[in-house]
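Trainee: Attaching a single structure in structure tokens format; questions to follow.
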Amino acid sequence: MSTIALQALPSGASAAKRLAARLGVGLGLGFDEIALHRFPDGELRVTVAPAADTTILFASLDQPNDKLIALLFAAEALRRDGARRLVLVAPYLCYMRQDIAFHPGEAISQRAMGRLLATLVDRVVTVDAHLHRTPDIRSVFPDIEAENLSAMPAIADALAADGIDPATVLIGPDAESEPWVNDLAGRLRLQHTVARKTRHGDRSVDIDFADPMLLAGRPALMVDDIVSSGATLAVAARALRAMGATAIDAVVTHALFPAAMVTAFNDAGIRSIRSTDSVPHPTNAIALDEVLAAALRSELGTTRSRETTR
Ligand SMILES: O=P(O)(O)OC[C@H]1O[C@@H](O)[C@H](O)[C@@H]1O
């Protein structure tokens, strides 16, 4: 019988612990936090716990540059210690948005990231990866197993449990958000609309709605995968307010924005923002452990847990 355990980079330790608890019910799945030490010159020392035959590496890849180096070193140490199978659980998968060279000379970061991670692990599990023009996550990882899970079932359950006004219109702020808004609208039986967005720069967008009358006297709930600079949500909210929305809320999978930005969102007319725990953030309100555990149960097979070592 082979062994299985889960190890996490420190920033995702709480969500990883929840996942280990859910996945390892009755198994006592071993959970360890990977230790990081920063040397005075900025380099990292990475120390892992003893490897299991199958080791699940939990690393949500927001603020990714140091984490990618930590992952590289963790995979090296675990392979050398005998891990036969490494499964990367990255609830947020970084560098997916640059999926073409928009200007001559630009790197296609999505492609480079796929190649890099495929040299480290045997399987990647992520959630709502930004694959706008990429048909399938397997195009990013053609040589290893990869799944892009949806947070929408968890988001729908959370919204339904809180109670939602049936007059609410779900808003997709741009064409990229359409699959998520569509899915959520179907699950919650709500009307939805998708706006047209033109991006002029990192923090500058214009947003137009096809039917300016749709929102008059009704609540709006914006749905998106990522909030980064916050420009998309803030500009969309101002447009919704001008269209007469009675309340404006937002729900997103990956909250990448600075926590202090919530005040600016409130100024733009947004009453509340809820996010999943894919990235640790004060707006976290929806846990993904159930979604992730369902995808990872196949790893349990005939394994037994390796004892937790620290
Ligand atoms: O406008 P910010 O928050 O910077 O960026 C997030 C938006 O940019 C898109 O790629 C995402 O799908 C989201 O709509």
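Identifiers for the structure tokens are assigned positionally: chains receive A, B, ... in sequence, residues are indexed from 1 per chain, and ligands are indexed from 1 in the order shown.
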Could you list, with a cut-off of 9 Å and counting only C-alpha atoms and all ligand atoms, the residues of chain A near ligand 1, each shown with its nearest atom pair and the distance in Å rounded to one decimal, rows sorted by chain and ascending number, as JSON lines?

Mentor:
```
{"residue": "A:Arg97", "atom": "CA", "partner": "ligand 1", "partner_atom_place_in_ligand_line": "10 (O)", "distance": 6.3}
{"residue": "A:His130", "atom": "CA", "partner": "ligand 1", "partner_atom_place_in_ligand_line": "12 (O)", "distance": 6.8}
{"residue": "A:His132", "atom": "CA", "partner": "ligand 1", "partner_atom_place_in_ligand_line": "12 (O)", "distance": 8.3}
{"residue": "A:Gly172", "atom": "CA", "partner": "ligand 1", "partner_atom_place_in_ligand_line": "14 (O)", "distance": 8.3}
{"residue": "A:Pro173", "atom": "CA", "partner": "ligand 1", "partner_atom_place_in_ligand_line": "14 (O)", "distance": 6.4}
{"residue": "A:Asp174", "atom": "CA", "partner": "ligand 1", "partner_atom_place_in_ligand_line": "14 (O)", "distance": 6.2}
{"residue": "A:Ala175", "atom": "CA", "partner": "ligand 1", "partner_atom_place_in_ligand_line": "14 (O)", "distance": 8.6}
{"residue": "A:Glu176", "atom": "CA", "partner": "ligand 1", "partner_atom_place_in_ligand_line": "12 (O)", "distance": 5.7}
{"residue": "A:Ser177", "atom": "CA", "partner": "ligand 1", "partner_atom_place_in_ligand_line": "12 (O)", "distance": 6.0}
{"residue": "A:Lys197", "atom": "CA", "partner": "ligand 1", "partner_atom_place_in_ligand_line": "14 (O)", "distance": 8.8}
{"residue": "A:Arg199", "atom": "CA", "partner": "ligand 1", "partner_atom_place_in_ligand_line": "1 (O)", "distance": 8.4}
{"residue": "A:Asp202", "atom": "CA", "partner": "ligand 1", "partner_atom_place_in_ligand_line": "4 (O)", "distance": 6.1}
{"residue": "A:Arg203", "atom": "CA", "partner": "ligand 1", "partner_atom_place_in_ligand_line": "4 (O)", "distance": 5.8}
{"residue": "A:Ser204", "atom": "CA", "partner": "ligand 1", "partner_atom_place_in_ligand_line": "1 (O)", "distance": 7.7}
{"residue": "A:Val205", "atom": "CA", "partner": "ligand 1", "partner_atom_place_in_ligand_line": "1 (O)", "distance": 7.3}
{"residue": "A:Val223", "atom": "CA", "partner": "ligand 1", "partner_atom_place_in_ligand_line": "14 (O)", "distance": 8.9}
{"residue": "A:Asp224", "atom": "CA", "partner": "ligand 1", "partner_atom_place_in_ligand_line": "14 (O)", "distance": 5.8}
{"residue": "A:Asp225", "atom": "CA", "partner": "ligand 1", "partner_atom_place_in_ligand_line": "12 (O)", "distance": 5.4}
{"residue": "A:Ile226", "atom": "CA", "partner": "ligand 1", "partner_atom_place_in_ligand_line": "13 (C)", "distance": 4.8}
{"residue": "A:Val227", "atom": "CA", "partner": "ligand 1", "partner_atom_place_in_ligand_line": "3 (O)", "distance": 3.8}
{"residue": "A:Ser228", "atom": "CA", "partner": "ligand 1", "partner_atom_place_in_ligand_line": "3 (O)", "distance": 3.6}
{"residue": "A:Ser229", "atom": "CA", "partner": "ligand 1", "partner_atom_place_in_ligand_line": "4 (O)", "distance": 3.5}
{"residue": "A:Gly230", "atom": "CA", "partner": "ligand 1", "partner_atom_place_in_ligand_line": "3 (O)", "distance": 3.5}
{"residue": "A:Ala231", "atom": "CA", "partner": "ligand 1", "partner_atom_place_in_ligand_line": "1 (O)", "distance": 4.1}
{"residue": "A:Thr232", "atom": "CA", "partner": "ligand 1", "partner_atom_place_in_ligand_line": "1 (O)", "distance": 3.7}
{"residue": "A:Leu233", "atom": "CA", "partner": "ligand 1", "partner_atom_place_in_ligand_line": "3 (O)", "distance": 6.5}
{"residue": "A:Ala234", "atom": "CA", "partner": "ligand 1", "partner_atom_place_in_ligand_line": "1 (O)", "distance": 8.2}
{"residue": "A:Val235", "atom": "CA", "partner": "ligand 1", "partner_atom_place_in_ligand_line": "1 (O)", "distance": 8.7}
{"residue": "A:Ala255", "atom": "CA", "partner": "ligand 1", "partner_atom_place_in_ligand_line": "3 (O)", "distance": 8.9}
{"residue": "A:Leu256", "atom": "CA", "partner": "ligand 1", "partner_atom_place_in_ligand_line": "3 (O)", "distance": 8.1}
{"residue": "A:Phe257", "atom": "CA", "partner": "ligand 1", "partner_atom_place_in_ligand_line": "3 (O)", "distance": 7.3}
```

Trainee: Can those selected residues be exported to a file as a compact mmCIF listing (two decimals), in the first residue's frame so that it contains N, CA, C and O atoms?

Mentor:
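Writing done, so here's selection.txt:
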```txt
# COMPACT_ATOMS: atom_id res chain seq x y z
N ARG A 97 -3.37 35.05 -17.92
CA ARG A 97 -4.05 36.05 -18.74
C ARG A 97 -3.27 36.45 -19.98
O ARG A 97 -3.86 36.85 -20.97
N HIS A 130 -8.01 31.53 -15.81
CA HIS A 130 -8.40 32.51 -16.84
C HIS A 130 -7.94 31.99 -18.20
O HIS A 130 -6.81 32.24 -18.63
N HIS A 132 -9.36 32.52 -21.32
CA HIS A 132 -10.31 33.18 -22.22
C HIS A 132 -10.26 32.66 -23.66
O HIS A 132 -11.26 32.22 -24.21
N GLY A 172 -22.17 40.31 -15.87
CA GLY A 172 -20.81 39.98 -16.30
C GLY A 172 -20.19 41.25 -16.84
O GLY A 172 -20.71 41.83 -17.80
N PRO A 173 -19.09 41.74 -16.26
CA PRO A 173 -18.57 43.03 -16.68
C PRO A 173 -17.86 43.03 -18.03
O PRO A 173 -17.57 44.08 -18.57
N ASP A 174 -17.57 41.84 -18.56
CA ASP A 174 -16.93 41.77 -19.89
C ASP A 174 -17.19 40.40 -20.50
O ASP A 174 -17.70 39.49 -19.84
N ALA A 175 -16.82 40.27 -21.77
CA ALA A 175 -17.11 39.02 -22.49
C ALA A 175 -16.43 37.81 -21.83
O ALA A 175 -16.97 36.71 -21.84
N GLU A 176 -15.25 38.04 -21.21
CA GLU A 176 -14.54 36.93 -20.59
C GLU A 176 -15.33 36.32 -19.43
O GLU A 176 -15.15 35.15 -19.10
N SER A 177 -16.18 37.12 -18.81
CA SER A 177 -16.92 36.62 -17.64
C SER A 177 -18.16 35.83 -18.02
O SER A 177 -18.82 35.22 -17.17
N LYS A 197 -16.44 45.46 -22.57
CA LYS A 197 -15.36 46.22 -21.92
C LYS A 197 -14.24 46.51 -22.92
O LYS A 197 -13.87 45.64 -23.71
N ARG A 199 -10.31 47.69 -22.70
CA ARG A 199 -9.22 47.98 -21.75
C ARG A 199 -8.22 48.91 -22.43
O ARG A 199 -7.75 48.63 -23.52
N ASP A 202 -3.54 48.97 -17.63
CA ASP A 202 -3.70 48.11 -16.45
C ASP A 202 -4.86 48.55 -15.56
O ASP A 202 -5.54 47.73 -14.95
N ARG A 203 -5.02 49.87 -15.43
CA ARG A 203 -6.03 50.37 -14.49
C ARG A 203 -7.07 51.24 -15.18
O ARG A 203 -7.70 52.09 -14.55
N SER A 204 -7.23 51.08 -16.47
CA SER A 204 -8.13 51.97 -17.21
C SER A 204 -9.01 51.14 -18.16
O SER A 204 -8.50 50.51 -19.09
N VAL A 205 -10.31 51.15 -17.90
CA VAL A 205 -11.25 50.42 -18.76
C VAL A 205 -12.50 51.27 -19.01
O VAL A 205 -12.82 52.16 -18.22
N VAL A 223 -20.45 39.39 -11.29
CA VAL A 223 -19.79 38.08 -11.15
C VAL A 223 -18.53 38.13 -12.02
O VAL A 223 -18.60 38.47 -13.19
N ASP A 224 -17.38 37.80 -11.42
CA ASP A 224 -16.15 37.79 -12.22
C ASP A 224 -15.18 36.75 -11.67
O ASP A 224 -15.34 36.30 -10.53
N ASP A 225 -14.19 36.41 -12.48
CA ASP A 225 -13.20 35.45 -12.00
C ASP A 225 -12.16 36.12 -11.11
O ASP A 225 -11.82 35.62 -10.05
N ILE A 226 -11.64 37.27 -11.58
CA ILE A 226 -10.50 37.91 -10.90
C ILE A 226 -10.80 39.37 -10.64
O ILE A 226 -11.38 40.05 -11.48
N VAL A 227 -10.43 39.85 -9.46
CA VAL A 227 -10.35 41.30 -9.25
C VAL A 227 -8.89 41.61 -8.95
O VAL A 227 -8.33 41.09 -7.99
N SER A 228 -8.29 42.43 -9.79
CA SER A 228 -6.87 42.71 -9.65
C SER A 228 -6.67 44.19 -9.32
O SER A 228 -6.56 44.57 -8.16
N SER A 229 -6.68 45.07 -10.33
CA SER A 229 -6.59 46.51 -10.03
C SER A 229 -7.91 47.02 -9.48
O SER A 229 -7.96 48.06 -8.84
N GLY A 230 -8.99 46.30 -9.77
CA GLY A 230 -10.32 46.73 -9.34
C GLY A 230 -11.00 47.65 -10.34
O GLY A 230 -12.18 48.01 -10.17
N ALA A 231 -10.30 48.03 -11.42
CA ALA A 231 -10.87 48.98 -12.38
C ALA A 231 -12.16 48.42 -12.99
O ALA A 231 -13.15 49.15 -13.13
N THR A 232 -12.15 47.15 -13.34
CA THR A 232 -13.34 46.56 -13.99
C THR A 232 -14.57 46.69 -13.09
O THR A 232 -15.62 47.18 -13.52
N LEU A 233 -14.44 46.27 -11.83
CA LEU A 233 -15.60 46.32 -10.93
C LEU A 233 -16.04 47.75 -10.66
O LEU A 233 -17.24 48.06 -10.67
N ALA A 234 -15.07 48.65 -10.43
CA ALA A 234 -15.43 50.03 -10.06
C ALA A 234 -16.13 50.74 -11.22
O ALA A 234 -17.16 51.40 -11.03
N VAL A 235 -15.60 50.56 -12.44
CA VAL A 235 -16.21 51.24 -13.60
C VAL A 235 -17.59 50.63 -13.89
O VAL A 235 -18.56 51.36 -14.17
N ALA A 255 -9.72 36.96 -5.32
CA ALA A 255 -9.54 38.34 -4.86
C ALA A 255 -8.05 38.64 -4.80
O ALA A 255 -7.36 38.27 -3.85
N LEU A 256 -7.54 39.32 -5.83
CA LEU A 256 -6.10 39.63 -5.89
C LEU A 256 -5.82 41.08 -5.51
O LEU A 256 -4.69 41.52 -5.55
N PHE A 257 -6.85 41.82 -5.15
CA PHE A 257 -6.68 43.27 -4.91
C PHE A 257 -6.28 43.55 -3.45
O PHE A 257 -6.60 42.76 -2.56
```

Trainee: As a list of chain:residue names, please: every residue in stretch 75-135 of chain A that a backbone DSSP assignment puts in helix (DSSP H, G or I).

Mentor: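 Helix (DSSP H, G or I) assignments inside stretch 75-135 of chain A correspond to A:Ala75, A:Glu76, A:Ala77, A:Leu78, A:Arg79, A:Arg80, A:Ser109, A:Gln110, A:Arg111, A:Ala112, A:Met113, A:Gly114, A:Arg115, A:Leu116, A:Leu117, A:Ala118, A:Thr119, A:Leu120.
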
Trainee: Include N, CA and C atoms and write out the residues we just selected as an mmCIF file, in the first residue's frame.

Mentor:
```cif
data_model
loop_
_atom_site.group_PDB
_atom_site.id
_atom_site.type_symbol
_atom_site.label_atom_id
_atom_site.label_comp_id
_atom_site.auth_asym_id
_atom_site.auth_seq_id
_atom_site.Cartn_x
_atom_site.Cartn_y
_atom_site.Cartn_z
ATOM 1 N N ALA A 75 9.576 20.752 -4.976
ATOM 2 C CA ALA A 75 9.444 19.578 -5.854
ATOM 3 C C ALA A 75 10.778 18.835 -5.933
ATOM 4 N N GLU A 76 11.865 19.586 -5.998
ATOM 5 C CA GLU A 76 13.201 18.941 -6.046
ATOM 6 C C GLU A 76 13.412 18.103 -4.795
ATOM 7 N N ALA A 77 13.117 18.684 -3.626
ATOM 8 C CA ALA A 77 13.364 17.975 -2.359
ATOM 9 C C ALA A 77 12.458 16.752 -2.226
ATOM 10 N N LEU A 78 11.218 16.905 -2.636
ATOM 11 C CA LEU A 78 10.259 15.790 -2.483
ATOM 12 C C LEU A 78 10.596 14.637 -3.432
ATOM 13 N N ARG A 79 10.957 14.947 -4.656
ATOM 14 C CA ARG A 79 11.338 13.886 -5.608
ATOM 15 C C ARG A 79 12.555 13.128 -5.066
ATOM 16 N N ARG A 80 13.531 13.900 -4.574
ATOM 17 C CA ARG A 80 14.758 13.265 -4.065
ATOM 18 C C ARG A 80 14.455 12.391 -2.860
ATOM 19 N N SER A 109 3.074 34.286 -21.347
ATOM 20 C CA SER A 109 3.348 33.745 -20.005
ATOM 21 C C SER A 109 2.531 32.481 -19.741
ATOM 22 N N GLN A 110 1.320 32.405 -20.293
ATOM 23 C CA GLN A 110 0.501 31.202 -20.069
ATOM 24 C C GLN A 110 1.243 29.945 -20.553
ATOM 25 N N ARG A 111 1.836 30.053 -21.732
ATOM 26 C CA ARG A 111 2.526 28.894 -22.307
ATOM 27 C C ARG A 111 3.785 28.548 -21.491
ATOM 28 N N ALA A 112 4.546 29.581 -21.138
ATOM 29 C CA ALA A 112 5.783 29.352 -20.379
ATOM 30 C C ALA A 112 5.474 28.733 -19.018
ATOM 31 N N MET A 113 4.407 29.212 -18.385
ATOM 32 C CA MET A 113 4.031 28.696 -17.065
ATOM 33 C C MET A 113 3.617 27.227 -17.159
ATOM 34 N N GLY A 114 2.859 26.902 -18.200
ATOM 35 C CA GLY A 114 2.449 25.507 -18.407
ATOM 36 C C GLY A 114 3.668 24.604 -18.531
ATOM 37 N N ARG A 115 4.653 25.053 -19.310
ATOM 38 C CA ARG A 115 5.852 24.219 -19.517
ATOM 39 C C ARG A 115 6.637 24.061 -18.218
ATOM 40 N N LEU A 116 6.767 25.162 -17.475
ATOM 41 C CA LEU A 116 7.539 25.110 -16.228
ATOM 42 C C LEU A 116 6.885 24.142 -15.227
ATOM 43 N N LEU A 117 5.604 24.308 -14.989
ATOM 44 C CA LEU A 117 4.945 23.481 -13.967
ATOM 45 C C LEU A 117 4.929 22.009 -14.370
ATOM 46 N N ALA A 118 4.842 21.763 -15.685
ATOM 47 C CA ALA A 118 4.828 20.366 -16.151
ATOM 48 C C ALA A 118 6.158 19.663 -15.892
ATOM 49 N N THR A 119 7.238 20.430 -15.705
ATOM 50 C CA THR A 119 8.525 19.781 -15.373
ATOM 51 C C THR A 119 8.587 19.410 -13.894
ATOM 52 N N LEU A 120 7.666 19.973 -13.088
ATOM 53 C CA LEU A 120 7.748 19.770 -11.632
ATOM 54 C C LEU A 120 6.783 18.714 -11.117
#
```

Trainee: Considering only C-alpha atoms, return as JSON, numbers by chain whatever protein or nucleic-acid residues lie within 12 Å of A:Pro219, sequence-local ones (same chain, fewer than 5 positions apart) excluded.

Mentor: {"A": [164, 165, 166, 167, 168, 169, 170, 171, 190, 191, 192, 214, 237, 240, 241, 243, 244, 245, 246, 247, 248, 249, 250, 269, 270, 271]}

Trainee: Write a file of the selected residues as an mmCIF file, in the first residue's frame, keeping N, CA and C atoms.

Mentor:
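File part-v5.cif, as written:
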```cif
data_model
loop_
_atom_site.group_PDB
_atom_site.id
_atom_site.type_symbol
_atom_site.label_atom_id
_atom_site.label_comp_id
_atom_site.auth_asym_id
_atom_site.auth_seq_id
_atom_site.Cartn_x
_atom_site.Cartn_y
_atom_site.Cartn_z
ATOM 1 N N ILE A 164 -31.328 35.288 -1.894
ATOM 2 C CA ILE A 164 -31.048 36.303 -2.913
ATOM 3 C C ILE A 164 -32.365 36.779 -3.514
ATOM 4 N N ASP A 165 -32.510 38.082 -3.663
ATOM 5 C CA ASP A 165 -33.725 38.679 -4.223
ATOM 6 C C ASP A 165 -33.922 38.153 -5.656
ATOM 7 N N PRO A 166 -35.059 37.531 -5.969
ATOM 8 C CA PRO A 166 -35.243 36.961 -7.308
ATOM 9 C C PRO A 166 -35.253 38.005 -8.432
ATOM 10 N N ALA A 167 -35.356 39.280 -8.072
ATOM 11 C CA ALA A 167 -35.297 40.336 -9.106
ATOM 12 C C ALA A 167 -33.859 40.690 -9.472
ATOM 13 N N THR A 168 -32.895 40.110 -8.747
ATOM 14 C CA THR A 168 -31.480 40.434 -8.983
ATOM 15 C C THR A 168 -31.063 40.094 -10.415
ATOM 16 N N VAL A 169 -30.304 41.010 -11.024
ATOM 17 C CA VAL A 169 -29.721 40.729 -12.344
ATOM 18 C C VAL A 169 -28.238 40.445 -12.142
ATOM 19 N N LEU A 170 -27.790 39.298 -12.630
ATOM 20 C CA LEU A 170 -26.354 38.984 -12.564
ATOM 21 C C LEU A 170 -25.653 39.721 -13.697
ATOM 22 N N ILE A 171 -24.517 40.312 -13.368
ATOM 23 C CA ILE A 171 -23.798 41.154 -14.323
ATOM 24 C C ILE A 171 -22.429 40.563 -14.618
ATOM 25 N N LEU A 190 -31.707 33.244 -12.342
ATOM 26 C CA LEU A 190 -31.764 34.711 -12.343
ATOM 27 C C LEU A 190 -31.478 35.226 -13.750
ATOM 28 N N GLN A 191 -31.966 36.411 -14.032
ATOM 29 C CA GLN A 191 -31.661 37.054 -15.311
ATOM 30 C C GLN A 191 -30.197 37.516 -15.286
ATOM 31 N N HIS A 192 -29.570 37.564 -16.465
ATOM 32 C CA HIS A 192 -28.190 38.049 -16.479
ATOM 33 C C HIS A 192 -27.924 38.842 -17.746
ATOM 34 N N LEU A 214 -32.394 47.764 -18.278
ATOM 35 C CA LEU A 214 -32.572 46.482 -17.592
ATOM 36 C C LEU A 214 -32.445 46.594 -16.072
ATOM 37 N N ALA A 237 -19.566 49.273 -11.733
ATOM 38 C CA ALA A 237 -20.498 49.688 -10.671
ATOM 39 C C ALA A 237 -21.023 51.091 -10.931
ATOM 40 N N LEU A 240 -23.656 50.850 -13.473
ATOM 41 C CA LEU A 240 -24.893 50.239 -12.945
ATOM 42 C C LEU A 240 -25.671 51.238 -12.087
ATOM 43 N N ARG A 241 -24.919 52.033 -11.334
ATOM 44 C CA ARG A 241 -25.576 53.048 -10.501
ATOM 45 C C ARG A 241 -26.290 54.058 -11.391
ATOM 46 N N MET A 243 -27.489 53.513 -14.191
ATOM 47 C CA MET A 243 -28.639 52.854 -14.831
ATOM 48 C C MET A 243 -29.774 52.609 -13.845
ATOM 49 N N GLY A 244 -29.586 52.999 -12.571
ATOM 50 C CA GLY A 244 -30.687 52.919 -11.603
ATOM 51 C C GLY A 244 -30.725 51.650 -10.775
ATOM 52 N N ALA A 245 -29.618 50.900 -10.690
ATOM 53 C CA ALA A 245 -29.614 49.695 -9.849
ATOM 54 C C ALA A 245 -29.871 50.089 -8.393
ATOM 55 N N THR A 246 -30.698 49.307 -7.697
ATOM 56 C CA THR A 246 -31.051 49.664 -6.309
ATOM 57 C C THR A 246 -29.965 49.259 -5.322
ATOM 58 N N ALA A 247 -29.210 48.214 -5.650
ATOM 59 C CA ALA A 247 -28.078 47.788 -4.800
ATOM 60 C C ALA A 247 -27.083 47.102 -5.718
ATOM 61 N N ILE A 248 -25.801 47.245 -5.392
ATOM 62 C CA ILE A 248 -24.769 46.629 -6.233
ATOM 63 C C ILE A 248 -23.828 45.814 -5.334
ATOM 64 N N ASP A 249 -23.762 44.517 -5.598
ATOM 65 C CA ASP A 249 -22.848 43.636 -4.865
ATOM 66 C C ASP A 249 -21.978 42.920 -5.884
ATOM 67 N N ALA A 250 -20.938 42.251 -5.384
ATOM 68 C CA ALA A 250 -20.061 41.507 -6.295
ATOM 69 C C ALA A 250 -19.641 40.200 -5.651
ATOM 70 N N GLY A 269 -19.958 52.660 -5.222
ATOM 71 C CA GLY A 269 -21.354 52.221 -5.086
ATOM 72 C C GLY A 269 -21.517 50.732 -4.815
ATOM 73 N N ILE A 270 -20.399 50.028 -4.616
ATOM 74 C CA ILE A 270 -20.506 48.575 -4.358
ATOM 75 C C ILE A 270 -20.732 48.357 -2.861
ATOM 76 N N ARG A 271 -21.831 47.645 -2.549
ATOM 77 C CA ARG A 271 -22.198 47.450 -1.140
ATOM 78 C C ARG A 271 -21.341 46.370 -0.490
#
```

Trainee: So that I can check the surroundings of A:Leu23, please list as a PyMOL selection string every protein, DNA and RNA residue that reaches within 12 Å of it, counting only C-alpha atoms and ignoring chain neighbours fewer than 3 positions away.

Mentor: chain A and resi 4-6+16-20+26-31+56+289-300+305

Trainee: What's around stretch 149-158 of chain A at 8 Å? Count only C-alpha atoms, leave out sequence neighbours fewer than 4 positions away in its own chain, and write the answer as a list of chain:residue names.

Mentor: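 Listed by chain and then number, they are A:Val125, A:Thr126, A:Val127, A:Asp128, A:Asp162, A:Trp180, A:Asp183, A:Leu184, A:Arg187, A:Leu188, A:Val251, A:Thr253, A:Thr276, A:Ile286, A:Ala287, A:Leu288, A:Val291, A:Leu292.
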
Trainee: Could you give me, as a PyMOL selection string, each residue of stretch 43-208 of chain A that DSSP assigns to strand (DSSP E) when run on this structure's backbone?

Mentor: chain A and resi 44-47+54-58+85-90+123-127+145-149+169-172+191-194+196-201+204-208

Trainee: How many Å lie between atom CA of A:Glu43 and atom CA of A:His254, rounded to one decimal?

Mentor: 27.8 Å

Trainee: Have a look at A:Ala129, A:Leu44, A:Leu93, A:Arg85 and name the one nearest to A:Leu72; count only C-alpha atoms.

Mentor: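 Using only C-alpha atoms, the shortest distance to A:Leu72 belongs to A:Leu44.
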
Trainee: Enter the distance from atom CA of A:Asp206 to atom CA of A:Gly105, in Å, rounded to one decimal.

Mentor: 26.7 Å

Trainee: Rank A:Pro282, A:Ala49, A:Ala236, A:Ser14 by their smallest atom-to-atom distance to A:Ala268, using only C-alpha atoms, and report the top residue only.

Mentor: A:Ala236

Trainee: Identify, on the basis of only C-alpha atoms, every residue whose closest approach to A:Asp81 does not exceed 12 Å; exclude the query and any residue fewer than 5 positions from it along the same chain; express the result as a list in words.

Mentor: Thr47, Val48, Ala49, Pro50, Ala51, Ala52, Asp53, Thr54, Thr55, Ala74, Ala75, Glu76 and Leu86 of chain A
